[in-house]
Amino acid sequence: MKKYLKSDKKILISVLILVISAYLLQIFNINTAFSIPATCVGLLFFYMGYIFKKNNLKQLFKNTKFKFISLIITFIFWICLYLTGNSIIFRLGLCNGNPILAYITSISGLLFIISLTQLLEFKNKLIIIISTYTLVIMSLDKILRKIFTIGIAYLNITQVNLIEIIILGILILLIASGIGIILNKTIPQVIGKKPILN
């Protein structure tokens, strides 16, 4: 888009058209190959990253006061909106509830994570690994959740609380990252880059 449309305004309009198209596909229950709706839904976040980098908005987080204020406000927004049931299922390209509120919920959560990592200045290897293998993590998430679901059913566990869900999420993250490291060392073409981590 950046290569052919040049103008940021044209890029934004194109992104919004594709996002709305994905929502219309959802409304009319139209299925497409290659997860096109999911891609369209995610484009707005790619655009945010593009604007974030282009305008060097990371500089804002050098101010400690801004970090704290951003952390508190985004956390409150994120939790309040999340509890209303408005969210985006990225792997399916679906919005639960109001699509605008679903985006605001996701953006609030994203800004909360950015504020938290900037405040704590995460520079450890685990964060680098997760960032490097995001694609692998997203690809394996559904499969790993299915495996854990079968395991939970086998153990006759009928109710899973929030703490267990968080632990499950962390386990999936670690397992998928581990698989990403193995792939990076054995078949780097799958990741799309040469091995960068020992």
# chains A, B, ... in the order shown; residues from 1 in each chain; ligands from 1
$ residues_around --residues "Leu83 (chain A)" --least-positions-apart "6" --cutoff "12 Å" --atoms "only C-alpha atoms" --output "ChimeraX atom specification"
/A:76-77,96-97,101-102,105
$ select_by_dssp --residues "chain A" --states "helix (DSSP H, G or I)" --output "PyMOL selection string"
chain A and resi 2-5+8-27+33-54+57-62+64-83+99-120+125-132+134-154+162-186+188-191
$ write_last_selection --atoms "C-alpha atoms" --output "compact mmCIF listing (two decimals), in the first residue's frame"
# COMPACT_ATOMS: atom_id res chain seq x y z
CA LYS A 2 2.80 2.38 0.93
CA LYS A 3 4.58 1.62 -2.36
CA TYR A 4 1.59 2.22 -4.64
CA LEU A 5 -0.65 4.68 -2.79
CA ASP A 8 -0.97 8.23 4.18
CA LYS A 9 -4.52 9.48 3.71
CA LYS A 10 -5.09 7.11 0.78
CA ILE A 11 -3.55 4.25 2.74
CA LEU A 12 -5.87 4.91 5.71
CA ILE A 13 -8.96 5.09 3.47
CA SER A 14 -7.96 1.80 1.79
CA VAL A 15 -7.40 0.12 5.16
CA LEU A 16 -10.80 1.30 6.44
CA ILE A 17 -12.53 0.05 3.27
CA LEU A 18 -10.94 -3.39 3.70
CA VAL A 19 -11.84 -3.48 7.41
CA ILE A 20 -15.48 -2.61 6.60
CA SER A 21 -15.44 -5.22 3.82
CA ALA A 22 -14.34 -7.86 6.32
CA TYR A 23 -17.18 -6.89 8.65
CA LEU A 24 -19.70 -7.10 5.77
CA LEU A 25 -18.41 -10.57 4.89
CA GLN A 26 -19.06 -11.51 8.51
CA ILE A 27 -22.59 -10.04 8.51
CA ALA A 33 -10.11 -18.82 1.42
CA PHE A 34 -6.79 -17.76 2.97
CA SER A 35 -8.44 -16.04 5.97
CA ILE A 36 -9.01 -12.83 3.98
CA PRO A 37 -11.42 -11.34 6.59
CA ALA A 38 -8.89 -11.97 9.38
CA THR A 39 -6.21 -10.24 7.30
CA CYS A 40 -8.47 -7.25 6.63
CA VAL A 41 -9.40 -6.97 10.31
CA GLY A 42 -5.72 -6.94 11.26
CA LEU A 43 -4.74 -4.29 8.69
CA LEU A 44 -5.77 -1.45 10.98
CA PHE A 45 -3.18 -2.62 13.51
CA PHE A 46 -0.47 -2.83 10.85
CA TYR A 47 -1.39 0.74 9.89
CA MET A 48 -1.11 1.80 13.55
CA GLY A 49 2.38 0.25 13.70
CA TYR A 50 3.33 2.07 10.49
CA ILE A 51 2.15 5.44 11.89
CA PHE A 52 3.74 4.69 15.28
CA LYS A 53 7.12 4.08 13.62
CA LYS A 54 6.87 6.84 11.00
CA LEU A 57 5.80 7.93 18.77
CA LYS A 58 8.06 5.75 20.91
CA GLN A 59 9.69 9.01 22.01
CA LEU A 60 6.55 9.77 24.04
CA PHE A 61 7.34 6.83 26.30
CA LYS A 62 10.66 8.35 27.32
CA THR A 64 8.04 8.49 32.88
CA LYS A 65 4.92 10.49 33.77
CA PHE A 66 3.41 9.76 30.35
CA LYS A 67 4.18 6.04 30.82
CA PHE A 68 2.27 5.89 34.12
CA ILE A 69 -0.72 7.87 32.86
CA SER A 70 -0.89 5.81 29.66
CA LEU A 71 -0.62 2.57 31.65
CA ILE A 72 -3.49 3.44 34.01
CA ILE A 73 -5.86 4.89 31.39
CA THR A 74 -5.37 2.11 28.82
CA PHE A 75 -5.71 -0.59 31.51
CA ILE A 76 -9.03 0.86 32.73
CA PHE A 77 -10.35 1.19 29.16
CA TRP A 78 -9.19 -2.29 28.23
CA ILE A 79 -10.70 -4.07 31.25
CA CYS A 80 -14.00 -2.14 31.18
CA LEU A 81 -14.51 -2.71 27.45
CA TYR A 82 -13.35 -6.33 27.61
CA LEU A 83 -15.95 -7.08 30.29
CA PRO A 99 -17.12 -3.69 15.89
CA ILE A 100 -16.02 -0.15 16.81
CA LEU A 101 -15.92 -1.01 20.52
CA ALA A 102 -14.16 -4.28 19.63
CA TYR A 103 -11.37 -2.28 17.97
CA ILE A 104 -11.19 0.19 20.86
CA THR A 105 -10.92 -2.78 23.26
CA SER A 106 -8.08 -4.33 21.27
CA ILE A 107 -6.27 -1.01 20.78
CA SER A 108 -6.57 -0.25 24.51
CA GLY A 109 -5.09 -3.66 25.34
CA LEU A 110 -2.32 -3.12 22.82
CA LEU A 111 -1.46 0.35 24.19
CA PHE A 112 -1.54 -1.07 27.74
CA ILE A 113 1.03 -3.72 26.76
CA ILE A 114 3.20 -1.07 25.04
CA SER A 115 2.99 1.17 28.13
CA LEU A 116 3.83 -1.73 30.45
CA THR A 117 6.83 -2.93 28.43
CA GLN A 118 8.15 0.62 28.07
CA LEU A 119 7.69 1.29 31.78
CA LEU A 120 9.49 -1.89 32.80
CA LYS A 125 15.61 -12.60 25.66
CA LEU A 126 12.09 -13.95 26.20
CA ILE A 127 10.51 -10.75 24.83
CA ILE A 128 12.86 -10.85 21.82
CA ILE A 129 11.96 -14.51 21.18
CA ILE A 130 8.20 -13.81 21.36
CA SER A 131 8.60 -10.84 19.01
CA THR A 132 10.66 -12.88 16.55
CA THR A 134 4.92 -14.05 16.51
CA LEU A 135 3.89 -15.68 13.22
CA VAL A 136 4.73 -19.18 14.52
CA ILE A 137 2.90 -18.50 17.80
CA MET A 138 -0.23 -17.33 15.95
CA SER A 139 -0.08 -20.34 13.60
CA LEU A 140 0.22 -22.88 16.42
CA ASP A 141 -2.15 -21.23 18.91
CA LYS A 142 -5.32 -22.99 17.71
CA ILE A 143 -3.65 -26.42 17.46
CA LEU A 144 -2.09 -26.17 20.94
CA ARG A 145 -5.36 -24.95 22.48
CA LYS A 146 -7.15 -27.93 20.92
CA ILE A 147 -4.58 -30.32 22.39
CA PHE A 148 -4.94 -28.74 25.85
CA THR A 149 -8.75 -28.81 25.54
CA ILE A 150 -8.64 -32.55 24.80
CA GLY A 151 -6.31 -33.04 27.77
CA ILE A 152 -8.62 -31.08 30.10
CA ALA A 153 -11.62 -33.11 28.91
CA TYR A 154 -9.66 -36.36 29.46
CA LEU A 162 -9.08 -17.23 35.07
CA ILE A 163 -5.72 -18.18 36.66
CA GLU A 164 -5.72 -21.51 34.80
CA ILE A 165 -6.56 -19.74 31.53
CA ILE A 166 -3.60 -17.37 32.05
CA ILE A 167 -1.28 -20.31 32.84
CA LEU A 168 -2.55 -22.10 29.73
CA GLY A 169 -1.85 -18.98 27.64
CA ILE A 170 1.71 -18.74 29.00
CA LEU A 171 2.33 -22.46 28.32
CA ILE A 172 1.12 -22.09 24.72
CA LEU A 173 3.34 -19.03 24.29
CA LEU A 174 6.41 -20.88 25.60
CA ILE A 175 5.76 -24.10 23.62
CA ALA A 176 5.10 -22.20 20.37
CA SER A 177 8.22 -20.04 20.92
CA GLY A 178 10.28 -23.20 21.51
CA ILE A 179 8.99 -24.69 18.25
CA GLY A 180 9.86 -21.37 16.56
CA ILE A 181 13.46 -21.60 17.83
CA ILE A 182 13.76 -25.18 16.54
CA LEU A 183 12.36 -24.17 13.14
CA ASN A 184 14.70 -21.19 13.00
CA LYS A 185 17.72 -23.44 13.57
CA THR A 186 16.67 -26.28 11.27
CA PRO A 188 14.97 -20.93 8.71
CA GLN A 189 13.06 -20.50 5.44
CA VAL A 190 9.82 -21.22 7.37
CA ILE A 191 10.39 -18.14 9.51
$ atom_distance --atom1 "CA of Asn161 (chain A)" --atom2 "CA of Thr84 (chain A)"
18.5 Å
$ atom_distance --atom1 "CA of Ile88 (chain A)" --atom2 "CA of Ser7 (chain A)"
28.0 Å
$ select_by_dssp --residues "region 33-129 of chain A" --states "strand (DSSP E or B)" --output "list of chain:residue names"
A:Ser87, A:Ile88, A:Ile89, A:Leu94, A:Cys95, A:Asn96
$ write_last_selection --atoms "all heavy atoms" --output "compact mmCIF listing (two decimals), in the first residue's frame"
# COMPACT_ATOMS: atom_id res chain seq x y z
N SER A 87 -15.00 -7.72 21.51
CA SER A 87 -13.62 -8.13 21.23
C SER A 87 -13.51 -8.63 19.80
O SER A 87 -14.50 -8.83 19.12
CB SER A 87 -13.18 -9.23 22.21
OG SER A 87 -13.99 -10.37 22.05
N ILE A 88 -12.26 -8.82 19.36
CA ILE A 88 -11.99 -9.29 18.00
C ILE A 88 -11.36 -10.67 18.07
O ILE A 88 -10.42 -10.89 18.83
CB ILE A 88 -11.05 -8.32 17.25
CG1 ILE A 88 -11.73 -6.96 17.08
CG2 ILE A 88 -10.67 -8.89 15.90
CD1 ILE A 88 -10.83 -5.90 16.48
N ILE A 89 -11.88 -11.60 17.27
CA ILE A 89 -11.27 -12.92 17.14
C ILE A 89 -10.42 -12.87 15.88
O ILE A 89 -10.92 -13.04 14.77
CB ILE A 89 -12.34 -14.03 17.03
CG1 ILE A 89 -13.33 -13.92 18.19
CG2 ILE A 89 -11.69 -15.41 17.03
CD1 ILE A 89 -14.52 -14.84 18.06
N LEU A 94 -13.35 -12.03 13.01
CA LEU A 94 -14.70 -11.74 13.51
C LEU A 94 -14.67 -10.71 14.62
O LEU A 94 -13.68 -10.58 15.34
CB LEU A 94 -15.36 -13.02 14.04
CG LEU A 94 -15.49 -14.20 13.06
CD1 LEU A 94 -16.06 -15.40 13.80
CD2 LEU A 94 -16.38 -13.84 11.89
N CYS A 95 -15.77 -9.99 14.77
CA CYS A 95 -15.93 -9.04 15.87
C CYS A 95 -17.09 -9.50 16.75
O CYS A 95 -18.17 -9.78 16.23
CB CYS A 95 -16.23 -7.64 15.36
SG CYS A 95 -14.87 -6.91 14.42
N ASN A 96 -16.86 -9.58 18.04
CA ASN A 96 -17.95 -9.87 18.98
C ASN A 96 -18.53 -8.54 19.45
O ASN A 96 -17.80 -7.66 19.89
CB ASN A 96 -17.45 -10.66 20.18
CG ASN A 96 -17.12 -12.09 19.82
OD1 ASN A 96 -17.72 -12.64 18.92
ND2 ASN A 96 -16.16 -12.68 20.51
$ decode --residues "region 69-84 of chain A" --atoms "all heavy atoms" --output "tab-separated table (two decimals), in the first residue's frame"
chain	number	residue	atom	x	y	z
A	69	ILE	N	0.64	7.43	33.23
A	69	ILE	CA	-0.72	7.87	32.86
A	69	ILE	C	-1.29	6.96	31.77
A	69	ILE	O	-2.43	6.52	31.85
A	69	ILE	CB	-0.70	9.35	32.39
A	69	ILE	CG1	-0.35	10.26	33.57
A	69	ILE	CG2	-2.06	9.75	31.80
A	69	ILE	CD1	-0.05	11.70	33.19
A	70	SER	N	-0.47	6.68	30.76
A	70	SER	CA	-0.89	5.81	29.66
A	70	SER	C	-1.23	4.41	30.17
A	70	SER	O	-2.24	3.82	29.77
A	70	SER	CB	0.23	5.74	28.62
A	70	SER	OG	-0.08	4.81	27.61
A	71	LEU	N	-0.41	3.90	31.08
A	71	LEU	CA	-0.62	2.57	31.65
A	71	LEU	C	-1.96	2.48	32.36
A	71	LEU	O	-2.75	1.56	32.14
A	71	LEU	CB	0.52	2.24	32.63
A	71	LEU	CG	0.52	0.84	33.22
A	71	LEU	CD1	0.96	-0.19	32.20
A	71	LEU	CD2	1.43	0.78	34.44
A	72	ILE	N	-2.25	3.45	33.21
A	72	ILE	CA	-3.49	3.44	34.01
A	72	ILE	C	-4.72	3.61	33.12
A	72	ILE	O	-5.68	2.84	33.22
A	72	ILE	CB	-3.44	4.55	35.09
A	72	ILE	CG1	-2.35	4.22	36.13
A	72	ILE	CG2	-4.79	4.69	35.79
A	72	ILE	CD1	-1.96	5.38	37.01
A	73	ILE	N	-4.68	4.61	32.24
A	73	ILE	CA	-5.86	4.89	31.39
A	73	ILE	C	-6.16	3.73	30.45
A	73	ILE	O	-7.31	3.29	30.34
A	73	ILE	CB	-5.63	6.20	30.57
A	73	ILE	CG1	-5.63	7.40	31.52
A	73	ILE	CG2	-6.73	6.36	29.51
A	73	ILE	CD1	-5.25	8.71	30.86
A	74	THR	N	-5.13	3.21	29.78
A	74	THR	CA	-5.37	2.11	28.82
A	74	THR	C	-5.82	0.84	29.53
A	74	THR	O	-6.64	0.10	29.00
A	74	THR	CB	-4.11	1.82	27.98
A	74	THR	OG1	-2.98	1.58	28.86
A	74	THR	CG2	-3.79	2.96	27.05
A	75	PHE	N	-5.30	0.60	30.76
A	75	PHE	CA	-5.71	-0.59	31.51
A	75	PHE	C	-7.20	-0.50	31.88
A	75	PHE	O	-7.95	-1.47	31.71
A	75	PHE	CB	-4.87	-0.74	32.78
A	75	PHE	CG	-5.27	-1.94	33.60
A	75	PHE	CD1	-4.94	-3.22	33.18
A	75	PHE	CD2	-5.98	-1.78	34.78
A	75	PHE	CE1	-5.31	-4.33	33.93
A	75	PHE	CE2	-6.36	-2.88	35.53
A	75	PHE	CZ	-6.03	-4.16	35.12
A	76	ILE	N	-7.62	0.67	32.36
A	76	ILE	CA	-9.03	0.86	32.73
A	76	ILE	C	-9.94	0.68	31.52
A	76	ILE	O	-10.95	-0.03	31.58
A	76	ILE	CB	-9.24	2.25	33.38
A	76	ILE	CG1	-8.54	2.31	34.74
A	76	ILE	CG2	-10.73	2.56	33.54
A	76	ILE	CD1	-8.44	3.69	35.34
A	77	PHE	N	-9.57	1.32	30.40
A	77	PHE	CA	-10.35	1.19	29.16
A	77	PHE	C	-10.44	-0.26	28.72
A	77	PHE	O	-11.50	-0.77	28.38
A	77	PHE	CB	-9.70	2.02	28.04
A	77	PHE	CG	-10.37	3.34	27.83
A	77	PHE	CD1	-10.00	4.44	28.59
A	77	PHE	CD2	-11.36	3.49	26.89
A	77	PHE	CE1	-10.62	5.67	28.40
A	77	PHE	CE2	-11.99	4.70	26.69
A	77	PHE	CZ	-11.62	5.80	27.45
A	78	TRP	N	-9.29	-0.92	28.72
A	78	TRP	CA	-9.19	-2.29	28.23
A	78	TRP	C	-10.08	-3.23	29.05
A	78	TRP	O	-10.89	-3.97	28.50
A	78	TRP	CB	-7.73	-2.74	28.27
A	78	TRP	CG	-7.51	-4.17	27.87
A	78	TRP	CD1	-8.13	-4.84	26.86
A	78	TRP	CD2	-6.61	-5.08	28.48
A	78	TRP	NE1	-7.65	-6.13	26.79
A	78	TRP	CE2	-6.73	-6.31	27.77
A	78	TRP	CE3	-5.71	-5.00	29.54
A	78	TRP	CZ2	-5.97	-7.44	28.11
A	78	TRP	CZ3	-4.95	-6.11	29.85
A	78	TRP	CH2	-5.09	-7.31	29.15
A	79	ILE	N	-9.93	-3.18	30.38
A	79	ILE	CA	-10.70	-4.07	31.25
A	79	ILE	C	-12.20	-3.79	31.15
A	79	ILE	O	-13.02	-4.70	30.99
A	79	ILE	CB	-10.23	-3.96	32.72
A	79	ILE	CG1	-8.81	-4.53	32.86
A	79	ILE	CG2	-11.19	-4.69	33.64
A	79	ILE	CD1	-8.68	-6.01	32.53
A	80	CYS	N	-12.57	-2.51	31.23
A	80	CYS	CA	-14.00	-2.14	31.18
A	80	CYS	C	-14.64	-2.59	29.87
A	80	CYS	O	-15.75	-3.15	29.86
A	80	CYS	CB	-14.18	-0.64	31.37
A	80	CYS	SG	-13.78	-0.08	33.03
A	81	LEU	N	-13.96	-2.34	28.75
A	81	LEU	CA	-14.51	-2.71	27.45
A	81	LEU	C	-14.49	-4.22	27.24
A	81	LEU	O	-15.41	-4.79	26.67
A	81	LEU	CB	-13.73	-2.02	26.33
A	81	LEU	CG	-13.98	-0.52	26.21
A	81	LEU	CD1	-12.94	0.13	25.33
A	81	LEU	CD2	-15.37	-0.25	25.64
A	82	TYR	N	-13.44	-4.88	27.75
A	82	TYR	CA	-13.35	-6.33	27.61
A	82	TYR	C	-14.51	-7.01	28.34
A	82	TYR	O	-15.09	-7.98	27.83
A	82	TYR	CB	-12.01	-6.83	28.16
A	82	TYR	CG	-11.82	-8.32	28.01
A	82	TYR	CD1	-11.46	-8.86	26.79
A	82	TYR	CD2	-12.00	-9.18	29.10
A	82	TYR	CE1	-11.29	-10.23	26.64
A	82	TYR	CE2	-11.83	-10.54	28.95
A	82	TYR	CZ	-11.47	-11.06	27.73
A	82	TYR	OH	-11.31	-12.41	27.59
A	83	LEU	N	-14.86	-6.48	29.50
A	83	LEU	CA	-15.95	-7.08	30.29
A	83	LEU	C	-17.32	-6.90	29.63
A	83	LEU	O	-18.26	-7.61	29.97
A	83	LEU	CB	-15.96	-6.47	31.70
A	83	LEU	CG	-14.75	-6.83	32.59
A	83	LEU	CD1	-14.78	-6.07	33.89
A	83	LEU	CD2	-14.69	-8.34	32.84
A	84	THR	N	-17.41	-5.96	28.69
A	84	THR	CA	-18.69	-5.77	27.98
A	84	THR	C	-18.87	-6.81	26.88
A	84	THR	O	-19.94	-6.90	26.28
A	84	THR	CB	-18.77	-4.36	27.34
A	84	THR	OG1	-17.75	-4.25	26.33
A	84	THR	CG2	-18.60	-3.27	28.37
